[in-house]
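The next block holds one structure in the form of structure tokens; read it before the comments.
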Amino acid sequence: MPDHDIFKAQDLGGSLPPGRVPALLLVDFVRGFIDPEIFGGGNSAEALAATPPVLEAARAAGIPIISTRIVYDQDGANCGIWCLKAPRLAELTEANPASHIHPKVAPEPGEYVLKKTQASAFFGTDLAPVLTASQVDTLLIAGCTTSGCVRASVVDAISHNFRPMVIRDCVGDRSLAAHEASLFDMEQKYAALWTAADAISYLGTLGQR
């Protein structure tokens, strides 16, 4: 039985409409996750290139915008087991340009930049209470990598009862196979998949409410 038929037979892959108050979450769009010599490659650069119009639409709509970065202490004091599995992550210190947000999606004053040490934007951070304080119930999600920090953040988002809307044009991965498999898995169990055009159209309606 084809995969889609199995998920359909088990009543998975249901629709997930947005709620009332969205925010835009840009996961680890940092230099190092775009550079193929560090952690980039695959379609990560294309995902980054597709994101600025969505970011501008989010700014025009006046919704909260959160960007995340992986940042470790220079002495490695806060490196955990993840850095044993992926040792080069420990290079992402404040002093390393690779840990800084790419200029194409650089935050503006008033936009929240969240530093993290794990894959999920929620784990060990104040993201959930920050969103709750703004009455956010929906997250439009872009970033890198689809199979890593994006997927981890999506799973934790729905676990916190936020509605994840993954912008498929705006998420990238060093592995295209992992990218496609993760998109399929997230759509079936954890998120809605939107295009950048979908997101821009939706954001354009917010001022009309």
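Residue numbering restarts at 1 for every chain of the structure tokens, chains are lettered A, B, ... in their displayed order, and ligands are numbered from 1 as they appear.
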(request) Run DSSP on the backbone and give me the residues of range 52-157 of chain A it puts in alpha helix (DSSP H), as a count of residues only. (result) 29
(request) Skip Gly80 in chain A itself and residues of its chain fewer than 6 positions away, then list as a VMD selection string all residues within 12 Å of it, counting only C-alpha atoms. (result) chain A and resid 72 to 73 86 to 87 89 to 90 116 to 119
Written selection (N, CA and C atoms) as a short mmCIF file (atom, residue, chain, number, x, y, z; two decimals), in the first residue's frame:
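Resulting contents of part14.cif:
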data_model
loop_
_atom_site.label_atom_id
_atom_site.label_comp_id
_atom_site.auth_asym_id
_atom_site.auth_seq_id
_atom_site.Cartn_x
_atom_site.Cartn_y
_atom_site.Cartn_z
N TYR A 72 26.90 28.80 21.34
CA TYR A 72 27.55 28.13 22.48
C TYR A 72 28.60 29.05 23.10
N ASP A 73 28.88 28.83 24.36
CA ASP A 73 29.92 29.58 25.05
C ASP A 73 31.28 29.31 24.41
N ALA A 86 27.51 15.92 16.88
CA ALA A 86 27.86 16.83 15.79
C ALA A 86 28.88 17.84 16.31
N PRO A 87 30.15 17.47 16.40
CA PRO A 87 31.16 18.28 17.09
C PRO A 87 31.33 19.70 16.55
N LEU A 89 29.23 21.81 15.77
CA LEU A 89 28.27 22.75 16.33
C LEU A 89 28.91 23.65 17.38
N ALA A 90 29.89 23.10 18.10
CA ALA A 90 30.56 23.87 19.15
C ALA A 90 31.28 25.10 18.61
N LYS A 116 19.76 29.61 21.26
CA LYS A 116 19.44 28.28 21.74
C LYS A 116 20.66 27.37 21.64
N THR A 117 20.60 26.25 22.33
CA THR A 117 21.70 25.28 22.30
C THR A 117 21.23 23.90 21.87
N GLN A 118 19.94 23.77 21.57
CA GLN A 118 19.40 22.50 21.11
C GLN A 118 18.65 22.71 19.80
N ALA A 119 18.20 21.62 19.20
CA ALA A 119 17.57 21.73 17.89
C ALA A 119 16.28 22.55 17.93
#
(message) Report as a PyMOL selection string all protein, DNA and RNA residues lying within 7 Å of Phe29 in chain A, evaluated on only C-alpha atoms, omitting residues in the same chain fewer than 2 positions from it.
(response) chain A and resi 26-27+31+33+101-102+143-144
Pull N, CA and C atoms from the residues just selected and write them as a PDB file, in the first residue's frame.
ATOM      1  N   LEU A  26      11.643  32.300  12.236  1.00  0.00           N
ATOM      2  CA  LEU A  26      12.745  32.017  11.317  1.00  0.00           C
ATOM      3  C   LEU A  26      13.792  31.213  12.073  1.00  0.00           C
ATOM      4  N   VAL A  27      13.907  29.951  11.738  1.00  0.00           N
ATOM      5  CA  VAL A  27      14.752  29.019  12.482  1.00  0.00           C
ATOM      6  C   VAL A  27      16.150  28.958  11.873  1.00  0.00           C
ATOM      7  N   ARG A  31      24.525  32.352   8.884  1.00  0.00           N
ATOM      8  CA  ARG A  31      25.502  32.171   7.800  1.00  0.00           C
ATOM      9  C   ARG A  31      25.970  30.720   7.686  1.00  0.00           C
ATOM     10  N   PHE A  33      24.533  27.922   8.325  1.00  0.00           N
ATOM     11  CA  PHE A  33      23.579  26.951   7.791  1.00  0.00           C
ATOM     12  C   PHE A  33      23.233  27.226   6.327  1.00  0.00           C
ATOM     13  N   ILE A 101      22.903  35.753  12.134  1.00  0.00           N
ATOM     14  CA  ILE A 101      21.810  35.710  11.173  1.00  0.00           C
ATOM     15  C   ILE A 101      22.258  36.291   9.837  1.00  0.00           C
ATOM     16  N   HIS A 102      21.853  35.617   8.773  1.00  0.00           N
ATOM     17  CA  HIS A 102      22.243  36.044   7.431  1.00  0.00           C
ATOM     18  C   HIS A 102      21.661  37.424   7.128  1.00  0.00           C
ATOM     19  N   GLY A 143      13.154  28.361   7.631  1.00  0.00           N
ATOM     20  CA  GLY A 143      14.489  28.200   8.203  1.00  0.00           C
ATOM     21  C   GLY A 143      15.195  26.928   7.793  1.00  0.00           C
ATOM     22  N   CYS A 144      16.247  26.622   8.538  1.00  0.00           N
ATOM     23  CA  CYS A 144      17.111  25.469   8.293  1.00  0.00           C
ATOM     24  C   CYS A 144      17.384  24.721   9.603  1.00  0.00           C
TER      25      CYS A 144
END
(request) Would you mind reading off the distance between CA of Ala61 in chain A and CA of Gly124 in chain A, one decimal, in Å? (result)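 These two atoms are separated by 29.1 Å.
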(message) Can you tell me which residues surround Thr132 in chain A at a distance of at most 12 Å, considering only C-alpha atoms, apart from same-chain residues fewer than 3 positions away, and format the answer as a list in words?
(response)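 Close residues of Thr132 in chain A: Val21, Pro22, Ala23, Pro64, Asp126, Leu127, Ala128, Pro129, Gln135, Val136, Asp137, Thr138, Leu139, Ala157, His160, Asn161 and Phe162 of chain A.
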Deliver the residues from the most recent selection as a file, using N, CA and C atoms, as a PDB file, in the first residue's frame.
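As written to disk, result24.pdb reads:
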ATOM      1  N   VAL A  21      -4.122  34.558  15.817  1.00  0.00           N
ATOM      2  CA  VAL A  21      -2.980  35.463  15.997  1.00  0.00           C
ATOM      3  C   VAL A  21      -1.694  34.738  15.578  1.00  0.00           C
ATOM      4  N   PRO A  22      -1.108  35.108  14.437  1.00  0.00           N
ATOM      5  CA  PRO A  22       0.107  34.441  13.976  1.00  0.00           C
ATOM      6  C   PRO A  22       1.383  35.169  14.395  1.00  0.00           C
ATOM      7  N   ALA A  23       2.473  34.420  14.325  1.00  0.00           N
ATOM      8  CA  ALA A  23       3.820  34.979  14.417  1.00  0.00           C
ATOM      9  C   ALA A  23       4.666  34.283  13.359  1.00  0.00           C
ATOM     10  N   PRO A  64       4.316  39.427  15.381  1.00  0.00           N
ATOM     11  CA  PRO A  64       5.608  39.147  16.009  1.00  0.00           C
ATOM     12  C   PRO A  64       6.520  38.348  15.077  1.00  0.00           C
ATOM     13  N   ASP A 126      12.641  30.655  26.302  1.00  0.00           N
ATOM     14  CA  ASP A 126      11.400  31.291  26.740  1.00  0.00           C
ATOM     15  C   ASP A 126      10.444  31.537  25.584  1.00  0.00           C
ATOM     16  N   LEU A 127      10.606  30.792  24.481  1.00  0.00           N
ATOM     17  CA  LEU A 127       9.777  31.042  23.308  1.00  0.00           C
ATOM     18  C   LEU A 127       8.295  30.860  23.600  1.00  0.00           C
ATOM     19  N   ALA A 128       7.925  29.772  24.246  1.00  0.00           N
ATOM     20  CA  ALA A 128       6.498  29.520  24.496  1.00  0.00           C
ATOM     21  C   ALA A 128       5.855  30.643  25.313  1.00  0.00           C
ATOM     22  N   PRO A 129       6.432  31.063  26.448  1.00  0.00           N
ATOM     23  CA  PRO A 129       5.807  32.156  27.188  1.00  0.00           C
ATOM     24  C   PRO A 129       5.822  33.489  26.438  1.00  0.00           C
ATOM     25  N   GLN A 135      -0.447  36.374  22.868  1.00  0.00           N
ATOM     26  CA  GLN A 135      -1.668  35.660  22.467  1.00  0.00           C
ATOM     27  C   GLN A 135      -1.532  34.966  21.112  1.00  0.00           C
ATOM     28  N   VAL A 136      -0.308  34.637  20.740  1.00  0.00           N
ATOM     29  CA  VAL A 136      -0.058  33.940  19.482  1.00  0.00           C
ATOM     30  C   VAL A 136      -0.574  32.507  19.576  1.00  0.00           C
ATOM     31  N   ASP A 137      -1.255  32.056  18.526  1.00  0.00           N
ATOM     32  CA  ASP A 137      -1.695  30.667  18.476  1.00  0.00           C
ATOM     33  C   ASP A 137      -1.240  29.952  17.202  1.00  0.00           C
ATOM     34  N   THR A 138      -0.583  30.685  16.305  1.00  0.00           N
ATOM     35  CA  THR A 138      -0.197  30.143  15.003  1.00  0.00           C
ATOM     36  C   THR A 138       1.228  30.568  14.676  1.00  0.00           C
ATOM     37  N   LEU A 139       2.034  29.623  14.196  1.00  0.00           N
ATOM     38  CA  LEU A 139       3.413  29.932  13.816  1.00  0.00           C
ATOM     39  C   LEU A 139       3.630  29.646  12.345  1.00  0.00           C
ATOM     40  N   ALA A 157       6.246  22.881  18.757  1.00  0.00           N
ATOM     41  CA  ALA A 157       5.190  23.888  18.612  1.00  0.00           C
ATOM     42  C   ALA A 157       3.821  23.256  18.808  1.00  0.00           C
ATOM     43  N   HIS A 160       3.047  22.309  22.271  1.00  0.00           N
ATOM     44  CA  HIS A 160       2.636  23.444  23.098  1.00  0.00           C
ATOM     45  C   HIS A 160       1.289  24.024  22.644  1.00  0.00           C
ATOM     46  N   ASN A 161       0.631  23.332  21.723  1.00  0.00           N
ATOM     47  CA  ASN A 161      -0.680  23.745  21.203  1.00  0.00           C
ATOM     48  C   ASN A 161      -0.641  25.024  20.365  1.00  0.00           C
ATOM     49  N   PHE A 162       0.498  25.269  19.695  1.00  0.00           N
ATOM     50  CA  PHE A 162       0.551  26.268  18.641  1.00  0.00           C
ATOM     51  C   PHE A 162       0.318  25.549  17.308  1.00  0.00           C
TER      52      PHE A 162
END
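Remark: for Ile65 in chain A, the closest of the candidate residues A:Glu94, A:Asp185, A:Glu108, A:Asp5 is A:Glu108 (distances computed over only C-alpha atoms).
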(message) Can you measure CA of Gly41 in chain A to CA of Asp173 in chain A for me? One decimal in Å is fine.
(response)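 Atom-to-atom, CA of Gly41 in chain A to CA of Asp173 in chain A, that is 7.0 Å.
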(request) DSSP on the backbone, then: every residue of chain A marked strand (DSSP E), written as an MDAnalysis selection string. (result) chainID A and resid 22:27 65:70 112:116 138:144 163:172 192:194
(request) Considering only C-alpha atoms, return as number ranges by chain whatever protein or nucleic-acid residues lie within 10 Å of range 198-205 of chain A, sequence-local ones (same chain, fewer than 5 positions apart) excluded. (result) A: 18, 22, 24, 53-63, 140-141, 165-167, 193
(message) Please list as a list in words every residue within 8 Å of Arg168 in chain A, counting only C-alpha atoms and excluding residues in the same chain fewer than 5 positions away.
(response)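 Using only C-alpha atoms, the neighbours found are Ala142, Leu183, Leu193, Trp194, Thr195 and Ala196 of chain A.
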Could you save those same residues with C-alpha atoms as a tab-separated table (two decimals), in the first residue's frame?
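Result file is selection-v2.tsv:
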chain	number	residue	atom	x	y	z
A	142	ALA	CA	10.82	29.07	7.78
A	183	LEU	CA	7.97	17.74	4.72
A	193	LEU	CA	2.41	23.04	4.49
A	194	TRP	CA	2.11	26.42	2.79
A	195	THR	CA	3.93	27.99	-0.12
A	196	ALA	CA	5.54	31.41	0.22
(request) Using CA of Arg174 in chain A and CA of Val155 in chain A as the two end points, give the distance in Å to one decimal. (result) 20.1 Å
(request) Write out as a PyMOL selection string the residues lying within 12 Å of Gly14 in chain A, counting only C-alpha atoms and excluding same-chain residues fewer than 3 positions away. (result) chain A and resi 7-11+17+186-193
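Using only C-alpha atoms for every distance, the candidate list A:Gly148, A:Gly76, A:Pro164, A:Pro97 yields A:Gly148 as the residue closest to Ser182 in chain A.
For the residues A:Asp3, A:Asp35, A:Glu111, A:Asp169, ranking by smallest atom-to-atom distance to Ser99 in chain A using only C-alpha atoms places A:Asp35 first.
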(message) Here is a test: counting only C-alpha atoms, which residue of A:Ile34, A:Leu84, A:Ala121, A:Ala45 is nearest to Ile70 in chain A?
(response)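 The closest residue to Ile70 in chain A is A:Ala121.
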(request) Would you mind telling me which residue in A:Ile66, A:Leu131, A:Cys170, A:Ile158 lies nearest to Ala106 in chain A when using only C-alpha atoms? (result)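 Closest to Ala106 in chain A of all the choices is A:Ile66.
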